[in-house]
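Below: one structure, written as structure tokens.
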Amino acid sequence: MPKPKGAVIIDTERCKGCDLCVVACPTDCLELQKKEVNNRGYRFAHVIAPENCIGCASCALVCPDACIEVFKVMI
Amino acid sequence: MDIQDIIKPENKVYSSPRLLNDSTMHYCPGCSHGVVHKLVAEVIDEMGLEHNAIGIAPVGCAVFAYKYIDVDWIEAAHGRAPALATAAKRLNPDRLVFTYQGDGDFAAIGTAESIHAANRGENIAIIFINNGIYGMTGGQMAPTTLEGMKTATTPYGRNVELNGYPLDITKLLAQLDGTCYVTRQSVHKPAAVRQAKKAIRRAFENSVNRRGCSVVEILGTCSSGWKMTPHQSNLWMEEHMKEKYPVGDLKNIEE
């Protein structure tokens, strides 16, 4: 059975570090930066486990600032 | 499989809506307005109404809505968006006319306009974001504030003897003959976002097809005003707001 495999691109300069995508991700791929901040001073979200991503787009749907792009393939 | 093999235009399943422009939104982190802006932009794009949509921006946190979504907008005086939408729709009967209002605008200062526009059955779509607080001015009590909810002006919680009861204006509007579709949605989870998008689409179709007034209430959060993190606000909203404001269709004349 083909399995979904996904990838996300996060616009880190637009991200405000609200944490909603991290909570929404069913496979725990995302995390907020612990120390690094973007130009506006927010701890932006980044991918910590790209191999877990299934391209479900839950993170992108709940993102209030539209900073996440999602790609998906079936392999 | 390498990540670079997945990141190709043909594999894209979600990206920022085309009609949402590049200006960074002024909303606080985790604000529900951002999600609803995305949905409005997506629905207008999917319906192909980019050049035929007129939005009425309110006063409140969403006052700069015209800066973010690339359609025609008019900025209304506080609470007067349904009145302005009435004029816009009567003069442009073939266009999509929608208002985007918060609870301070729609359920407080604009109560008369809201009720009368709905009662006249104006063919407009009203998107009403209810977060139970005056977010822009610093978290004061709004008519929609829940009983016992702490705000800047009710530090011990809303006392119904002093401040009255929370106003469920959507339920009120559902009783009027002029409304054709009245629903309440939320955007705190991916599934809820999909539902809210369907509701907005139906409301916009009703406006274009002149079926009457549609009201889409969206339960929002105000993490700054509620003094919580965005995630805590979502949990709080689910636990407390939905008790007083249950989610679902209140009226749909098509069914």
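Just so we're on the same page: first chain in the structure tokens is A, next is B, and so on; residues restart at 1 for each chain, and ligands are numbered from 1 in the order they show up.
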Hey, could you make a per-residue contact list for chain B against chain A with 9 Å as the cut-off, showing the nearest pair of atoms and its distance in Å to one decimal, counting only C-alpha atoms, sorted by chain and number, as CSV?
```
residue,atom,partner,partner_atom,distance
B:Met1,CA,A:Lys5,CA,8.6
B:Ile3,CA,A:Ala7,CA,6.5
B:Gln4,CA,A:Ala7,CA,8.8
B:Ile6,CA,A:Phe71,CA,6.3
B:Ile7,CA,A:Phe71,CA,5.8
B:Lys8,CA,A:Phe71,CA,7.3
B:Pro9,CA,A:Phe71,CA,8.1
B:Glu10,CA,A:Phe71,CA,8.5
B:Asn11,CA,A:Phe71,CA,5.1
B:Lys12,CA,A:Phe71,CA,4.2
B:Val13,CA,A:Phe71,CA,5.4
B:Tyr14,CA,A:Val70,CA,5.0
B:Ser15,CA,A:Glu69,CA,4.5
B:Ser16,CA,A:Ala66,CA,5.2
B:Pro17,CA,A:Ala66,CA,7.9
B:Leu20,CA,A:Ala66,CA,8.6
B:Thr24,CA,A:Arg14,CA,6.6
B:Met25,CA,A:Asp65,CA,7.0
B:Tyr27,CA,A:Asp65,CA,8.8
B:Cys28,CA,A:Lys16,CA,8.0
B:Pro29,CA,A:Cys18,CA,4.9
B:Gly30,CA,A:Cys18,CA,4.9
B:Cys31,CA,A:Pro64,CA,6.4
B:Ser32,CA,A:Pro64,CA,6.4
B:His33,CA,A:Pro64,CA,7.1
B:Gly34,CA,A:Pro64,CA,4.1
B:Val35,CA,A:Pro64,CA,4.5
B:Val36,CA,A:Pro64,CA,8.0
B:His37,CA,A:Pro64,CA,8.3
B:Lys38,CA,A:Ala66,CA,7.2
B:Val187,CA,A:Val62,CA,7.3
B:His188,CA,A:Val62,CA,6.9
B:Lys189,CA,A:Val62,CA,6.5
B:Pro190,CA,A:Ser58,CA,5.4
B:Ala191,CA,A:Ser58,CA,8.5
B:Val193,CA,A:Leu61,CA,6.8
B:Arg194,CA,A:Leu61,CA,8.2
B:Thr229,CA,A:Cys18,CA,7.9
B:Pro230,CA,A:Cys18,CA,6.2
B:His231,CA,A:Leu20,CA,6.2
```
message: Which residues are close to Gly132 in chain B, i.e. within 10 Å by only C-alpha atoms, leaving aside same-chain residues fewer than 6 positions away? Reply as a list in words.
response: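 With the cut-off at 10 Å, the set is Gly102, Asp103, Gly104, Gly139, Gln140, Met141, Ala142, Pro143, Thr144, Thr145, Leu146, Met149, Thr151, Pro166, Leu167, Leu219, Gly220, Thr221, Cys222, Gly225, Trp226, Met237 and Met241 of chain B.
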Based on the backbone DSSP call, show me all residues of chain A assigned strand (DSSP E), as a compact mmCIF listing (two decimals) with N, CA and C atoms, in the first residue's frame.
```
# COMPACT_ATOMS: atom_id res chain seq x y z
N PRO A 4 1.84 7.95 2.34
CA PRO A 4 2.05 9.37 2.05
C PRO A 4 3.37 9.87 2.64
N LYS A 5 4.03 10.70 1.87
CA LYS A 5 5.27 11.30 2.35
C LYS A 5 5.18 12.78 2.05
N GLY A 6 5.47 13.57 3.03
CA GLY A 6 5.28 15.00 2.84
C GLY A 6 6.49 15.83 3.20
N ALA A 7 6.40 17.10 2.87
CA ALA A 7 7.45 18.05 3.24
C ALA A 7 6.80 19.41 3.39
N VAL A 8 7.33 20.20 4.29
CA VAL A 8 6.79 21.55 4.46
C VAL A 8 7.90 22.59 4.33
N ILE A 9 7.50 23.75 3.83
CA ILE A 9 8.42 24.89 3.81
C ILE A 9 7.79 25.96 4.68
N ILE A 10 8.53 26.46 5.64
CA ILE A 10 7.99 27.48 6.54
C ILE A 10 8.64 28.81 6.23
N LEU A 30 7.16 19.23 13.94
CA LEU A 30 7.53 20.64 14.07
C LEU A 30 7.86 21.00 15.51
N GLU A 31 8.60 22.07 15.64
CA GLU A 31 8.94 22.58 16.97
C GLU A 31 9.27 24.05 16.82
N LEU A 32 9.09 24.80 17.91
CA LEU A 32 9.53 26.20 17.87
C LEU A 32 11.03 26.22 18.18
N ALA A 45 8.72 28.59 13.98
CA ALA A 45 8.59 27.13 13.90
C ALA A 45 9.59 26.58 12.90
N HIS A 46 10.09 25.38 13.15
CA HIS A 46 10.96 24.71 12.18
C HIS A 46 10.71 23.21 12.24
N VAL A 47 11.20 22.52 11.22
CA VAL A 47 10.96 21.07 11.12
C VAL A 47 12.07 20.34 11.87
N ILE A 68 2.99 28.45 5.91
CA ILE A 68 3.42 27.08 5.65
C ILE A 68 2.94 26.61 4.28
N GLU A 69 3.86 26.07 3.51
CA GLU A 69 3.54 25.43 2.23
C GLU A 69 3.73 23.94 2.40
N VAL A 70 2.83 23.13 1.86
CA VAL A 70 2.90 21.68 2.08
C VAL A 70 2.97 20.96 0.73
N PHE A 71 3.84 19.97 0.68
CA PHE A 71 4.00 19.12 -0.51
C PHE A 71 3.78 17.68 -0.09
N LYS A 72 3.23 16.89 -1.02
CA LYS A 72 2.92 15.51 -0.65
C LYS A 72 3.09 14.59 -1.85
N VAL A 73 3.66 13.41 -1.62
CA VAL A 73 3.72 12.37 -2.65
C VAL A 73 3.31 11.05 -2.02
N MET A 74 2.87 10.11 -2.86
CA MET A 74 2.55 8.76 -2.37
C MET A 74 3.67 7.84 -2.85
```
- request: Would you mind writing down, as an NGL selection string, each residue of range 48-216 of chain B that DSSP on the backbone assigns to helix (DSSP H, G or I)?
  value: :B and (61-68 or 81-91 or 103-109 or 111-119 or 160-163 or 169-174 or 190-208)
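We find CA of Val182 in chain B and CA of Thr170 in chain B to be spaced 7.0 Å apart.
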